[in-house]
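J.: Following this message is one structure expressed as structure tokens.
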Amino acid sequence: MRAKNRQARGLFITLEGVEGSGKSTQIRHLAEGLIHAGYRVLQTREPGGTSTAEAIRQILLTASPHEPVTPQTEALLILAARCQHVTHVIRPALERGMIVLCDRFSDSTFAYQGFGRDLDLKWLQEANAVATDGLAPDLTLVLDLPVSVGLARRRAGRGPLNRLDRETERFHRKVRRGFLALAAKEPRRMTIVNANRPAHEVQDELTEIVVGWVARQRHRPRRTR
Ligand code: TMP
């Protein structure tokens with residue numbers, strides 16, 4: 001797994017967190033900051049990032065309650081979308097030396113489908129390794145906040161609630177515990193950032209962490225054309 005990551009010349013950074021943690025806004029700011037500093041950046045998201053994967057996202061988020069999506073189906077669809085995304089977008093960008101910023105990746109699968117849906121973590125890790133061909137993030141930031149705060153923000157925000165947003169608070173608490181447990185096991189790769197404060201404070205901390213980390217990777221700035 002590591003060897004494959006080393007072969008790629010770029011850097012792979014993921015943002016994770018429970019619903020309402022503000023990831024999508026923060027990832028946009030991060031991308032702008034890195035581009036401004038002269039890096040070549042690809043911003044993408046999961047499930048999604050290719051036309052096939054975005055079609056799978058639609059199924060996942062809008063499936064009718066009349067035919068409940070089983071946890072196994074959910075996991076397999078997410079992994080199928082990831083396989084398309086890694087093959088056609090993420091790995092090619094890393095091979096071109098870009099910084100890839102991805103809104104959710106494998107840790108979401110372990111947190112939502114593993115901790116949240118109680119699927120076997122070992123099976124998920126093995127299936128995920130097939131989907132990603134062993135690609136793992138170099139740096140992961142987990143935006144953390146109490147589930148009640150995140151869900152209230154999500155309900156007050158723009159857009160309709162999707163199938164996963166509408167899950168019980170108990171489910172989302174299991175997901176949050178999952179992210180915290182994953183971060184505790186891999187403290188070198190995963191950093192928890194307190195997202196229960198004004199967005200500009202979160203943004204400042206994220207920028208400091210990411211820009212500092214990128215600089216330490218001796219990844220020389222390159223201007224976009
Ligand atoms: P988003 O709201 O962050 O765009 O993500 C869409 C939903 O997909 C979100 O509720 C989390 C869920 N999801 C999983 O359950 N497992 C995964 O592996 C990923 C990437 C997302």
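Following the order of the structure tokens, first chain is A, next is B, and so on, with residues numbered from 1 inside each chain and ligands from 1 in the order they appear.
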Return as an MDAnalysis selection string the residues of protein, DNA or RNA that approach ligand 1 to within 6 Å, with only C-alpha atoms and all ligand atoms taken into account.

T.: chainID A and resid 46:47 78 104:106 108:109 112 164:165

J.: For the contact check between range 121-178 of chain A and range 65-75 of chain A, emit one row per residue of range 121-178 of chain A within 10 Å, containing the shortest atom pair and the distance in Å rounded to one decimal, counting only C-alpha atoms, chain then rising number order, as a tab-separated table.

T.:
residue	atom	partner	partner_atom	distance
A:Leu124	CA	A:Ala75	CA	7.9
A:Ala127	CA	A:Ala75	CA	9.3
A:Asn128	CA	A:Ala75	CA	9.3
A:Arg163	CA	A:Pro65	CA	8.6

J.: Residues of the last selection are to be written out with N, CA, C and O atoms, as a PDB file, in the first residue's frame.

T.:
ATOM      1  N   LEU A 124     -14.493  -4.835   5.003  1.00  0.00           N
ATOM      2  CA  LEU A 124     -14.525  -3.523   4.337  1.00  0.00           C
ATOM      3  C   LEU A 124     -13.123  -3.087   3.918  1.00  0.00           C
ATOM      4  O   LEU A 124     -12.927  -2.551   2.832  1.00  0.00           O
ATOM      5  N   ALA A 127     -12.072  -5.223   0.873  1.00  0.00           N
ATOM      6  CA  ALA A 127     -12.791  -4.826  -0.343  1.00  0.00           C
ATOM      7  C   ALA A 127     -12.339  -3.431  -0.790  1.00  0.00           C
ATOM      8  O   ALA A 127     -12.189  -3.154  -1.985  1.00  0.00           O
ATOM      9  N   ASN A 128     -12.095  -2.573   0.196  1.00  0.00           N
ATOM     10  CA  ASN A 128     -11.633  -1.222  -0.130  1.00  0.00           C
ATOM     11  C   ASN A 128     -10.263  -1.247  -0.803  1.00  0.00           C
ATOM     12  O   ASN A 128      -9.996  -0.487  -1.730  1.00  0.00           O
ATOM     13  N   ARG A 163     -30.789  10.623   1.901  1.00  0.00           N
ATOM     14  CA  ARG A 163     -31.134   9.375   2.618  1.00  0.00           C
ATOM     15  C   ARG A 163     -30.272   9.189   3.862  1.00  0.00           C
ATOM     16  O   ARG A 163     -30.763   8.755   4.913  1.00  0.00           O
TER      17      ARG A 163
END

J.: Which residues are near Ala81 in chain A? Cut-off 12 Å, only C-alpha atoms, ignore same chain within fewer than 3 positions. Put them as a ChimeraX atom specification.

T.: /A:45-60,74-78,84-89,105-106,109,128,131-132

J.: Selection from above, C-alpha atoms, as a CSV table (one decimal), in the first residue's frame, can you write it?

T.:
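Result went into result-v9.csv, see below:
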chain,number,residue,atom,x,y,z
A,45,ARG,CA,-15.4,14.4,-3.7
A,46,GLU,CA,-16.8,11.0,-2.8
A,47,PRO,CA,-19.1,9.3,-3.6
A,48,GLY,CA,-18.6,11.0,-7.0
A,49,GLY,CA,-15.8,12.5,-9.0
A,50,THR,CA,-16.5,10.8,-12.4
A,51,SER,CA,-19.8,10.6,-14.3
A,52,THR,CA,-20.3,6.9,-13.4
A,53,ALA,CA,-19.5,7.6,-9.7
A,54,GLU,CA,-21.8,10.6,-9.6
A,55,ALA,CA,-24.6,8.4,-11.0
A,56,ILE,CA,-23.9,5.9,-8.2
A,57,ARG,CA,-24.0,8.9,-5.7
A,58,GLN,CA,-27.5,9.7,-6.9
A,59,ILE,CA,-28.7,6.2,-6.3
A,60,LEU,CA,-27.1,6.2,-2.8
A,74,GLU,CA,-24.5,0.5,0.1
A,75,ALA,CA,-20.9,-0.5,0.7
A,76,LEU,CA,-20.5,-2.2,-2.7
A,77,LEU,CA,-21.9,0.8,-4.5
A,78,ILE,CA,-19.6,3.2,-2.7
A,84,GLN,CA,-13.9,4.5,-11.0
A,85,HIS,CA,-12.8,7.6,-9.2
A,86,VAL,CA,-9.3,6.3,-8.2
A,87,THR,CA,-8.7,4.8,-11.6
A,88,HIS,CA,-9.9,7.7,-13.8
A,89,VAL,CA,-9.3,10.8,-11.7
A,105,PHE,CA,-12.7,8.8,1.0
A,106,SER,CA,-12.0,5.3,2.6
A,109,THR,CA,-16.6,3.9,4.5
A,128,ASN,CA,-11.6,-1.2,-0.1
A,131,ALA,CA,-11.4,-0.7,-5.0
A,132,THR,CA,-8.4,1.6,-4.4

J.: Taking only C-alpha atoms into account, name the residue in A:Glu167, A:Glu32, A:Asp138, A:Asp118 that is nearest to Phe12 in chain A.

T.: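 Result for the nearest residue to Phe12 in chain A: A:Asp138.
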
J.: Using the chain letters and numbers from this document, which residues of range 129-165 of chain A does DSSP assign to helix (DSSP H, G or I), as a list in words?

T.: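 So the helix (DSSP H, G or I) residues in range 129-165 of chain A would be Ala129, Val130, Ala131, Thr132, Val147, Ser148, Val149, Gly150, Leu151, Ala152, Arg153, Arg154, Arg155 and Ala156 of chain A.
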
J.: Please produce a file of the residues just selected, as a PDB file, in the first residue's frame, where the atoms kept are N, CA, C and O atoms.

T.:
ATOM      1  N   ALA A 129      -9.413  -2.153  -0.338  1.00  0.00           N
ATOM      2  CA  ALA A 129      -8.072  -2.256  -0.939  1.00  0.00           C
ATOM      3  C   ALA A 129      -8.172  -2.683  -2.402  1.00  0.00           C
ATOM      4  O   ALA A 129      -7.368  -2.264  -3.238  1.00  0.00           O
ATOM      5  N   VAL A 130      -9.181  -3.502  -2.719  1.00  0.00           N
ATOM      6  CA  VAL A 130      -9.400  -3.887  -4.122  1.00  0.00           C
ATOM      7  C   VAL A 130      -9.860  -2.653  -4.906  1.00  0.00           C
ATOM      8  O   VAL A 130      -9.347  -2.348  -5.983  1.00  0.00           O
ATOM      9  N   ALA A 131     -10.821  -1.908  -4.345  1.00  0.00           N
ATOM     10  CA  ALA A 131     -11.385  -0.739  -5.040  1.00  0.00           C
ATOM     11  C   ALA A 131     -10.335   0.341  -5.283  1.00  0.00           C
ATOM     12  O   ALA A 131     -10.353   1.017  -6.307  1.00  0.00           O
ATOM     13  N   THR A 132      -9.425   0.514  -4.336  1.00  0.00           N
ATOM     14  CA  THR A 132      -8.442   1.602  -4.436  1.00  0.00           C
ATOM     15  C   THR A 132      -7.122   1.129  -5.032  1.00  0.00           C
ATOM     16  O   THR A 132      -6.221   1.949  -5.237  1.00  0.00           O
ATOM     17  N   VAL A 147     -22.711  15.544  17.207  1.00  0.00           N
ATOM     18  CA  VAL A 147     -23.673  15.166  16.172  1.00  0.00           C
ATOM     19  C   VAL A 147     -24.907  16.065  16.190  1.00  0.00           C
ATOM     20  O   VAL A 147     -25.410  16.465  15.134  1.00  0.00           O
ATOM     21  N   SER A 148     -25.380  16.418  17.394  1.00  0.00           N
ATOM     22  CA  SER A 148     -26.604  17.247  17.460  1.00  0.00           C
ATOM     23  C   SER A 148     -26.361  18.603  16.789  1.00  0.00           C
ATOM     24  O   SER A 148     -27.227  19.127  16.085  1.00  0.00           O
ATOM     25  N   VAL A 149     -25.171  19.156  16.972  1.00  0.00           N
ATOM     26  CA  VAL A 149     -24.835  20.452  16.361  1.00  0.00           C
ATOM     27  C   VAL A 149     -24.750  20.299  14.835  1.00  0.00           C
ATOM     28  O   VAL A 149     -25.300  21.103  14.068  1.00  0.00           O
ATOM     29  N   GLY A 150     -24.078  19.251  14.378  1.00  0.00           N
ATOM     30  CA  GLY A 150     -23.913  19.021  12.937  1.00  0.00           C
ATOM     31  C   GLY A 150     -25.250  18.800  12.248  1.00  0.00           C
ATOM     32  O   GLY A 150     -25.509  19.365  11.184  1.00  0.00           O
ATOM     33  N   LEU A 151     -26.124  17.995  12.875  1.00  0.00           N
ATOM     34  CA  LEU A 151     -27.417  17.712  12.239  1.00  0.00           C
ATOM     35  C   LEU A 151     -28.299  18.961  12.220  1.00  0.00           C
ATOM     36  O   LEU A 151     -29.013  19.207  11.243  1.00  0.00           O
ATOM     37  N   ALA A 152     -28.222  19.766  13.281  1.00  0.00           N
ATOM     38  CA  ALA A 152     -29.005  21.014  13.307  1.00  0.00           C
ATOM     39  C   ALA A 152     -28.528  21.942  12.197  1.00  0.00           C
ATOM     40  O   ALA A 152     -29.339  22.545  11.482  1.00  0.00           O
ATOM     41  N   ARG A 153     -27.216  22.026  12.019  1.00  0.00           N
ATOM     42  CA  ARG A 153     -26.669  22.860  10.931  1.00  0.00           C
ATOM     43  C   ARG A 153     -27.141  22.340   9.582  1.00  0.00           C
ATOM     44  O   ARG A 153     -27.504  23.114   8.700  1.00  0.00           O
ATOM     45  N   ARG A 154     -27.105  21.025   9.432  1.00  0.00           N
ATOM     46  CA  ARG A 154     -27.483  20.414   8.150  1.00  0.00           C
ATOM     47  C   ARG A 154     -28.953  20.706   7.840  1.00  0.00           C
ATOM     48  O   ARG A 154     -29.308  21.017   6.716  1.00  0.00           O
ATOM     49  N   ARG A 155     -29.797  20.600   8.895  1.00  0.00           N
ATOM     50  CA  ARG A 155     -31.241  20.830   8.686  1.00  0.00           C
ATOM     51  C   ARG A 155     -31.522  22.291   8.365  1.00  0.00           C
ATOM     52  O   ARG A 155     -32.428  22.597   7.597  1.00  0.00           O
ATOM     53  N   ALA A 156     -30.713  23.188   8.944  1.00  0.00           N
ATOM     54  CA  ALA A 156     -30.927  24.621   8.716  1.00  0.00           C
ATOM     55  C   ALA A 156     -30.310  25.063   7.390  1.00  0.00           C
ATOM     56  O   ALA A 156     -30.608  26.145   6.891  1.00  0.00           O
TER      57      ALA A 156
END

J.: Of the candidates A:Gly114, A:Gly10, A:Gly20, A:Gly157, which shows the shortest atom-to-atom distance to Leu145 in chain A, using only C-alpha atoms?

T.: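 Once distances to Leu145 in chain A are computed over only C-alpha atoms, the minimum belongs to A:Gly20.
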
J.: Find the spatial neighbours of Arg197 in chain A, counting only C-alpha atoms, within a cut-off of 12 Å - ignore same-chain residues fewer than 2 positions away - and output them as a list of chain:residue names.

T.: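 Using only C-alpha atoms, the neighbours found are A:Ser21, A:Gly22, A:Leu143, A:Asp144, A:Leu145, A:Pro146, A:Val149, A:Gly150, A:Val193, A:Asn194, A:Ala195, A:Ala199, A:His200, A:Glu201, A:Val202, A:Gln203, A:Asp204, A:Glu205.
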
J.: Using only C-alpha atoms, which of A:Ala215, A:Ala111, A:Leu119, A:Leu42 sits nearest Leu180 in chain A?

T.: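 Closest residue, counting only C-alpha atoms: A:Ala111.
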
J.: Counting only C-alpha atoms, which of A:Val175, A:Val211, A:Ala80, A:Leu161 gets nearest to Gln113 in chain A?

T.: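 The answer is A:Val175, which sits nearest to Gln113 in chain A.
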
J.: Please identify all polymer residues within 12 Å of Arg188 in chain A, counting only C-alpha atoms, omitting same-chain residues fewer than 5 positions from it, and present them as a list in words.

T.: Pro137, Asp138, Leu139, Thr140, Leu141, Leu182, Ala183 and Trp213 of chain A

J.: I need the residues in range 40-198 of chain A that are strand (DSSP E) according to DSSP; give them as a list in words.

T.: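 Output for range 40-198 of chain A, strand (DSSP E) only: Val41, Leu42, Gln43, Thr44, Arg45, Ile99, Val100, Leu101, Cys102, Asp103, Leu139, Thr140, Leu141, Val142, Leu143, Asp144, Met190, Thr191, Ile192, Val193 and Asn194 of chain A.
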
J.: Using only C-alpha atoms, pick whichever of A:Leu206, A:Leu135, A:Val214, A:Leu79 has the shortest atom-to-atom distance to Tyr39 in chain A.

T.: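 Using only C-alpha atoms, Tyr39 in chain A sits closest to A:Val214.
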
J.: In terms of the shortest atom-to-atom distance over only C-alpha atoms, which of A:Arg177, A:Arg170, A:Arg82, A:Arg189 is closest to Asp133 in chain A?

T.: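 For Asp133 in chain A, the nearest of the candidates is A:Arg82.
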